[in-house]
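Containing PDB, C-alpha atoms: my_file_38.pdb.
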ATOM      1  CA  MET A   1     126.477 149.407 129.099  1.00  0.00           C
ATOM      2  CA  LEU A   2     124.888 148.702 125.726  1.00  0.00           C
ATOM      3  CA  SER A   3     121.759 147.108 127.130  1.00  0.00           C
ATOM      4  CA  HIS A   4     121.357 149.777 129.816  1.00  0.00           C
ATOM      5  CA  ALA A   5     121.801 152.618 127.304  1.00  0.00           C
ATOM      6  CA  LYS A   6     119.728 150.744 124.677  1.00  0.00           C
ATOM      7  CA  LEU A   7     122.365 151.416 122.027  1.00  0.00           C
ATOM      8  CA  PRO A   8     122.378 149.471 118.749  1.00  0.00           C
ATOM      9  CA  LYS A   9     125.085 146.866 118.121  1.00  0.00           C
ATOM     10  CA  ILE A  10     126.904 149.218 115.724  1.00  0.00           C
ATOM     11  CA  TYR A  11     128.272 150.987 118.824  1.00  0.00           C
ATOM     12  CA  TRP A  12     129.967 147.886 120.289  1.00  0.00           C
ATOM     13  CA  ALA A  13     133.407 148.838 118.952  1.00  0.00           C
ATOM     14  CA  GLU A  14     133.134 152.323 120.460  1.00  0.00           C
ATOM     15  CA  VAL A  15     131.979 150.858 123.772  1.00  0.00           C
ATOM     16  CA  MET A  16     134.938 148.431 123.823  1.00  0.00           C
ATOM     17  CA  TYR A  17     137.321 151.322 123.098  1.00  0.00           C
ATOM     18  CA  THR A  18     135.745 153.270 125.970  1.00  0.00           C
ATOM     19  CA  ILE A  19     136.022 150.309 128.363  1.00  0.00           C
ATOM     20  CA  VAL A  20     139.729 149.843 127.626  1.00  0.00           C
ATOM     21  CA  TYR A  21     140.277 153.591 127.954  1.00  0.00           C
ATOM     22  CA  LEU A  22     138.582 153.641 131.362  1.00  0.00           C
ATOM     23  CA  ILE A  23     140.475 150.568 132.568  1.00  0.00           C
ATOM     24  CA  ASN A  24     143.722 152.356 131.739  1.00  0.00           C
ATOM     25  CA  LYS A  25     142.557 155.316 133.843  1.00  0.00           C
ATOM     26  CA  SER A  26     141.426 153.187 136.804  1.00  0.00           C
ATOM     27  CA  THR A  27     143.415 151.888 139.738  1.00  0.00           C
ATOM     28  CA  SER A  28     144.937 148.442 139.386  1.00  0.00           C
ATOM     29  CA  VAL A  29     145.699 145.979 142.189  1.00  0.00           C
ATOM     30  CA  PRO A  30     148.809 144.496 140.458  1.00  0.00           C
ATOM     31  CA  LEU A  31     150.192 148.055 140.249  1.00  0.00           C
ATOM     32  CA  LYS A  32     149.616 148.529 144.001  1.00  0.00           C
ATOM     33  CA  ASP A  33     146.490 150.644 143.354  1.00  0.00           C
ATOM     34  CA  ASP A  34     148.242 152.922 140.894  1.00  0.00           C
ATOM     35  CA  VAL A  35     146.768 153.939 137.517  1.00  0.00           C
ATOM     36  CA  PRO A  36     148.231 152.176 134.428  1.00  0.00           C
ATOM     37  CA  GLN A  37     148.390 155.390 132.385  1.00  0.00           C
ATOM     38  CA  ARG A  38     150.309 157.146 135.171  1.00  0.00           C
ATOM     39  CA  VAL A  39     152.733 154.212 135.394  1.00  0.00           C
ATOM     40  CA  TRP A  40     153.350 154.214 131.627  1.00  0.00           C
ATOM     41  CA  THR A  41     153.648 157.980 131.122  1.00  0.00           C
ATOM     42  CA  SER A  42     154.814 159.198 134.570  1.00  0.00           C
ATOM     43  CA  LYS A  43     152.193 161.976 134.314  1.00  0.00           C
ATOM     44  CA  ASP A  44     149.144 162.630 136.482  1.00  0.00           C
ATOM     45  CA  VAL A  45     145.837 161.414 135.067  1.00  0.00           C
ATOM     46  CA  SER A  46     143.006 163.889 134.470  1.00  0.00           C
ATOM     47  CA  TYR A  47     139.352 162.873 134.671  1.00  0.00           C
ATOM     48  CA  GLN A  48     137.875 166.292 133.789  1.00  0.00           C
ATOM     49  CA  HIS A  49     136.873 165.272 130.253  1.00  0.00           C
ATOM     50  CA  LEU A  50     134.880 162.158 131.217  1.00  0.00           C
ATOM     51  CA  LYS A  51     131.108 162.273 130.783  1.00  0.00           C
ATOM     52  CA  VAL A  52     128.287 159.763 131.140  1.00  0.00           C
ATOM     53  CA  PHE A  53     126.739 158.687 127.848  1.00  0.00           C
ATOM     54  CA  GLY A  54     123.395 157.104 127.163  1.00  0.00           C
ATOM     55  CA  CYS A  55     121.594 158.781 130.069  1.00  0.00           C
ATOM     56  CA  LEU A  56     118.654 161.118 129.904  1.00  0.00           C
ATOM     57  CA  THR A  57     119.145 164.655 131.093  1.00  0.00           C
ATOM     58  CA  TYR A  58     116.416 166.927 132.400  1.00  0.00           C
ATOM     59  CA  MET A  59     116.513 170.667 132.802  1.00  0.00           C
ATOM     60  CA  HIS A  60     114.116 172.850 134.728  1.00  0.00           C
ATOM     61  CA  VAL A  61     113.182 176.048 132.916  1.00  0.00           C
ATOM     62  CA  PRO A  62     111.203 178.494 135.096  1.00  0.00           C
ATOM     63  CA  LYS A  63     108.076 179.990 133.521  1.00  0.00           C
ATOM     64  CA  ASP A  64     109.194 183.522 134.478  1.00  0.00           C
TER      65      ASP A  64
END

As structure tokens - that is how I would like this structure written.
Amino acid sequence: MLSHAKLPKIYWAEVMYTIVYLINKSTSVPLKDDVPQRVWTSKDVSYQHLKVFGCLTYMHVPKD
């Protein structure tokens, strides 16, 4: 992720935190394809707040 996003090394800790966070919100084979966070908390997992970082965004603004 760091090399693709061309982020400086000072962001490594934040990237590692994000990776662990996403692993905990992803399905796991040992849990029979359940999500670790759902197993630990017995609550449904929401993905609404997740966003892609380090990517360019373009917006078209009409001349009108």

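Atom CA of A:Thr27 lies 14.4 Å from atom CA of A:Lys43.
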
Please evaluate the PyMOL selection byres ((chain A and resi 37-41) around 12) against the displayed coordinates and give the resulting residues as a ChimeraX atom specification. /A:20-28,30-36,42-47

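Atom pair atom CA of A:Val52 / atom CA of A:Ala5: separated by 10.4 Å.
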
In Å and to one decimal, atom CA of A:His49 is distant from atom CA of A:Ile19 by 15.1 Å
